[in-house]
Amino acid sequence: MHPGEAPDGGLTAWLVVVAIGLSNSWGVFQAYYEENLLRHTSPSAIAWIGSVQYALVYLPALVMGRLFDLGYFKIPCFAASCALVACTFLIAECMQYWQFFLIQGLGIGVCCGIIVGPALVVVSHWFYKKRGLALSLTAIGASCGSTVFPVVAQSLIPLIGFKWTVRVFGFILIATLGIGNIFLKRRLPPVDVRGGLFNLKVFRNTAYSIFCISGIMVFLGLYTVLTYMSVRAVAIGVSKNFSFYILAIANASSTFGRVSAGLMGDKVGPFNTMAAFTAVAGMMTFAWPFTKNEIQFIVISSIYGFSTGAYVSLFTVAAVAMGKIEDAGRRVGMFMSLAALGAIAGPPISGAISTAGGFVEAGYYAGGIIMCGVVLLLLARYLHLGHLWGKG
């Protein structure tokens with residue numbers, strides 16, 4: 001089929017969407033490690049494990065996007081899936097900080113990065129008019145995983161301990177990644193596009209360049225609340241049992257946010273949808289440190305989770321729209337790799353600020369940097385579309 005003739009549906013297309021599911025529940029580990037396994041390590045140092053993991057989900061996209069364009073997809077994804085399961089089981093055997101950093105930060109991060117970028121691009125092969133909805137449904141896999149895993153951890157750790165709880169996570173991943181490796185497949189043939197691994201000529205497109213800068217800034221602040229929400233809840237006297245569920249509430253809300261953003265993105269445009277939702281996420285990041293009780297935590301985490309769903313599910317749509325579909329893998333990979341710079345630095349910076357000044361100051365930092373990213377996102381939209389109003 002011609003690149004512009006995406007089927008926008010059909011059994012094969014939707015099976016590709018159903019196949020992808022990844023967990024994003026570092027906040028549970030952050031809180032548990034601070035209280036138990038790594039209680040003599042600073043919160044900022046522990047946060048480096050999670051931030052490296054977050055960043056490496058995006059950083060390998062540069063290489064993997066290029067390999068995807070050249071036709072290398074199934075074998076790297078299968079190998080990364082096997083390694084991801086192995087690393088999950090190895091977490092149960094870790095005892096020291098460097099072991100957690102190596103296995104959970106570097107190992108799991110790299111494996112997820114090898115899978116995520118090509119998986120998002122392959123969905124774009126199958127959808128055009130419904131691309132926003134399809135990618136949002138794809139991103140729901142992350143929300144489902146990061147909703148289920150905290151609840152499972154809260155229920156199983158008191159019964160079977162931390163080690164066997166992590167092993168249960170590993171068995172869950174065997175099932176979900178097995179489904180993904182069976183159904184994920186590309187529609188368009190490989191294309192050896194010119195420009196090499198990192199095509200600097202793409203940055204001649206001013207809109208794309210500013211879009212990449214906005215991605216770095218948004219990710220500098222976006223993971224702060226997810227990382228430290230449970231930690232702050234325990235610090236102000238909220239029960240540890242409830243603190244585990246705060247993260248699950250935020251991620252469950254993100255599921256609805258991703259679907260809503262996908263539907264809105266197809267109607268009003270991905271840039272408009274991302275800007276509106278991410279601005280709300282910035283406001284909630286400002287408000288989060290002022291929560292005082294469980295009801296306030298539920299309200300803030302629900303709104304925050306719902307609003308963050310748009311950016312993580314639609315940035316691929318925007319990047320794909322800024323060029324030809326044949327080169328989409330490299331273009332998306334370049335954006336994700338640059339955005340990883342924000343993801344790797346954001347949580348440790350917030351942790352250092354909260355240690356030195358408090359969570360309020362960390363909220364000001366993270367919320368402010370998110371809002372700056374939204375302003376740049378709107379500027380990229382204007383440069384890409386050439387008009388202020390309308391769909392975009």
# chains A, B, ... in the order shown; residues from 1 in each chain; ligands from 1
$ residues_around --residues "A:Val168" --least-positions-apart "5" --cutoff "9 Å" --atoms "only C-alpha atoms" --output "tab-separated table (two decimals) with C-alpha atoms, in the first residue's frame"
chain	number	residue	atom	x	y	z
A	89	PHE	CA	13.88	-11.17	38.17
A	152	VAL	CA	-0.10	-5.65	43.30
A	163	LYS	CA	11.58	-10.44	46.38
A	173	LEU	CA	5.89	-9.28	31.84
$ residues_around --residues "stretch 338-348 of chain A" --least-positions-apart "6" --cutoff "8 Å" --atoms "only C-alpha atoms" --output "PDB file with C-alpha atoms, in the first residue's frame"
ATOM      1  CA  SER A  44      18.043  12.399  45.310  1.00  0.00           C
ATOM      2  CA  ALA A  45      20.500   9.525  44.825  1.00  0.00           C
ATOM      3  CA  ALA A  47      15.817   9.136  42.271  1.00  0.00           C
ATOM      4  CA  TRP A  48      18.737   8.736  39.870  1.00  0.00           C
ATOM      5  CA  GLY A  50      14.265   6.044  38.340  1.00  0.00           C
ATOM      6  CA  SER A  51      15.342   9.019  36.232  1.00  0.00           C
ATOM      7  CA  VAL A  52      17.908   6.928  34.349  1.00  0.00           C
ATOM      8  CA  GLN A  53      15.200   4.346  33.751  1.00  0.00           C
ATOM      9  CA  TYR A  54      12.780   7.044  32.522  1.00  0.00           C
ATOM     10  CA  ALA A  55      15.430   8.568  30.259  1.00  0.00           C
ATOM     11  CA  LEU A  56      16.574   5.286  28.749  1.00  0.00           C
ATOM     12  CA  VAL A  57      13.005   4.531  27.715  1.00  0.00           C
ATOM     13  CA  TYR A  58      13.489   7.415  25.252  1.00  0.00           C
ATOM     14  CA  LEU A  59      17.253   7.663  24.675  1.00  0.00           C
ATOM     15  CA  CYS A 212      12.389  19.165  20.582  1.00  0.00           C
ATOM     16  CA  ILE A 213      13.422  21.914  23.039  1.00  0.00           C
ATOM     17  CA  GLY A 215      10.065  18.221  24.937  1.00  0.00           C
ATOM     18  CA  ILE A 216      13.247  18.534  26.998  1.00  0.00           C
ATOM     19  CA  MET A 217      11.671  21.199  29.194  1.00  0.00           C
ATOM     20  CA  VAL A 218       8.392  19.341  29.720  1.00  0.00           C
ATOM     21  CA  PHE A 219      10.178  16.148  30.728  1.00  0.00           C
ATOM     22  CA  LEU A 220      12.401  18.088  33.147  1.00  0.00           C
ATOM     23  CA  GLY A 221       9.302  18.593  35.289  1.00  0.00           C
ATOM     24  CA  LEU A 222       6.753  15.990  34.252  1.00  0.00           C
ATOM     25  CA  TYR A 223       7.981  13.062  36.362  1.00  0.00           C
ATOM     26  CA  THR A 224       8.501  15.008  39.601  1.00  0.00           C
ATOM     27  CA  THR A 227       8.368  10.226  41.691  1.00  0.00           C
ATOM     28  CA  ALA A 366       8.873  21.495  38.126  1.00  0.00           C
TER      29      ALA A 366
END
$ atom_distance --atom1 "atom CA of A:Cys111" --atom2 "atom CA of A:Ser260"
28.9 Å
$ atom_distance --atom1 "atom CA of A:Ala275" --atom2 "atom CA of A:Leu377"
6.7 Å
$ residues_around --residues "A:Lys267" --least-positions-apart "4" --cutoff "9 Å" --atoms "only C-alpha atoms" --output "ChimeraX atom specification"
/A:262-263,391
$ residues_around --residues "A:Phe290" --least-positions-apart "2" --cutoff "10 Å" --atoms "only C-alpha atoms" --output "short mmCIF file (atom, residue, chain, number, x, y, z; two decimals) with N, CA and C atoms, in the first residue's frame"
data_model
loop_
_atom_site.label_atom_id
_atom_site.label_comp_id
_atom_site.auth_asym_id
_atom_site.auth_seq_id
_atom_site.Cartn_x
_atom_site.Cartn_y
_atom_site.Cartn_z
N THR A 285 1.19 20.48 39.24
CA THR A 285 2.53 20.34 39.80
C THR A 285 2.81 21.47 40.78
N PHE A 286 2.32 22.67 40.48
CA PHE A 286 2.41 23.77 41.44
C PHE A 286 1.62 23.46 42.71
N ALA A 287 0.44 22.85 42.55
CA ALA A 287 -0.48 22.65 43.67
C ALA A 287 -0.13 21.45 44.54
N TRP A 288 0.54 20.45 43.95
CA TRP A 288 0.77 19.18 44.66
C TRP A 288 1.45 19.33 46.03
N LYS A 292 -2.75 18.35 51.98
CA LYS A 292 -2.64 18.14 53.42
C LYS A 292 -3.30 16.85 53.92
N ASN A 293 -4.17 16.25 53.11
CA ASN A 293 -4.88 15.05 53.57
C ASN A 293 -5.15 14.13 52.39
N GLN A 296 -7.38 15.48 49.41
CA GLN A 296 -6.65 16.39 48.52
C GLN A 296 -5.66 15.63 47.63
N PHE A 297 -5.02 14.61 48.19
CA PHE A 297 -4.11 13.79 47.38
C PHE A 297 -4.86 13.09 46.25
N ILE A 300 -5.81 15.85 43.54
CA ILE A 300 -4.64 16.31 42.77
C ILE A 300 -4.08 15.21 41.89
N PHE A 359 9.42 20.39 49.49
CA PHE A 359 8.64 19.98 48.33
C PHE A 359 7.97 21.16 47.63
N VAL A 360 7.67 22.22 48.36
CA VAL A 360 7.06 23.40 47.75
C VAL A 360 7.98 23.99 46.70
N GLY A 363 8.08 21.86 43.69
CA GLY A 363 6.88 22.05 42.90
C GLY A 363 6.96 23.30 42.04
#
$ closest_residue --among "A:Ser337, A:Phe73, A:Ile370, A:Gly309" --to "A:Val110" --atoms "only C-alpha atoms"
A:Ser337
$ residues_around --residues "A:Val85" --least-positions-apart "5" --cutoff "10 Å" --atoms "only C-alpha atoms" --output "list of chain:residue names"
A:Ala80, A:Leu90, A:Ile108, A:Cys111, A:Arg167, A:Phe169, A:Gly170, A:Phe171, A:Ile172, A:Leu173, A:Ile174, A:Leu177
$ atom_distance --atom1 "atom CA of A:Ala310" --atom2 "atom CA of A:Arg258"
5.4 Å
$ residues_around --residues "A:Pro270" --least-positions-apart "4" --cutoff "7 Å" --atoms "only C-alpha atoms" --output "PyMOL selection string"
chain A and resi 265+274+314+317-318+392
$ write_last_selection --atoms "all heavy atoms" --output "compact mmCIF listing (two decimals), in the first residue's frame"
# COMPACT_ATOMS: atom_id res chain seq x y z
N GLY A 265 -7.32 14.84 19.94
CA GLY A 265 -6.23 15.10 19.01
C GLY A 265 -6.65 14.89 17.56
O GLY A 265 -6.25 15.64 16.68
N MET A 274 -2.18 18.67 23.30
CA MET A 274 -1.03 18.56 24.20
C MET A 274 -0.84 19.82 25.01
O MET A 274 -0.57 19.76 26.22
CB MET A 274 0.25 18.25 23.40
CG MET A 274 0.37 16.83 22.92
SD MET A 274 2.06 16.45 22.33
CE MET A 274 2.18 17.54 20.93
N LEU A 314 0.67 11.69 22.62
CA LEU A 314 0.51 12.42 21.37
C LEU A 314 1.80 13.02 20.81
O LEU A 314 1.79 13.52 19.67
CB LEU A 314 -0.54 13.54 21.53
CG LEU A 314 -1.98 13.10 21.71
CD1 LEU A 314 -2.90 14.32 21.83
CD2 LEU A 314 -2.45 12.23 20.55
N VAL A 317 2.57 11.68 17.48
CA VAL A 317 1.73 12.16 16.39
C VAL A 317 2.31 13.46 15.83
O VAL A 317 2.39 13.65 14.61
CB VAL A 317 0.29 12.39 16.88
CG1 VAL A 317 -0.60 12.86 15.72
CG2 VAL A 317 -0.28 11.11 17.48
N ALA A 318 2.70 14.38 16.72
CA ALA A 318 3.26 15.65 16.28
C ALA A 318 4.57 15.47 15.53
O ALA A 318 4.80 16.09 14.49
CB ALA A 318 3.45 16.57 17.48
N GLY A 392 -4.84 21.97 14.89
CA GLY A 392 -3.39 21.86 14.74
C GLY A 392 -2.77 21.08 15.88
O GLY A 392 -3.33 20.88 16.90
$ closest_residue --among "A:Tyr97, A:Tyr245, A:Phe68, A:Phe335" --to "A:Glu294" --atoms "only C-alpha atoms"
A:Tyr245
$ select_by_dssp --residues "stretch 61-305 of chain A" --states "helix (DSSP H, G or I)" --output "VMD selection string"
chain A and resid 61 to 70 74 to 91 97 to 126 131 to 183 200 to 204 206 to 222 224 to 235 240 to 268 270 to 290 294 to 305
$ closest_residue --among "A:Ile246, A:Cys87, A:Ser350, A:Ser313" --to "A:Met264" --atoms "only C-alpha atoms"
A:Ser313
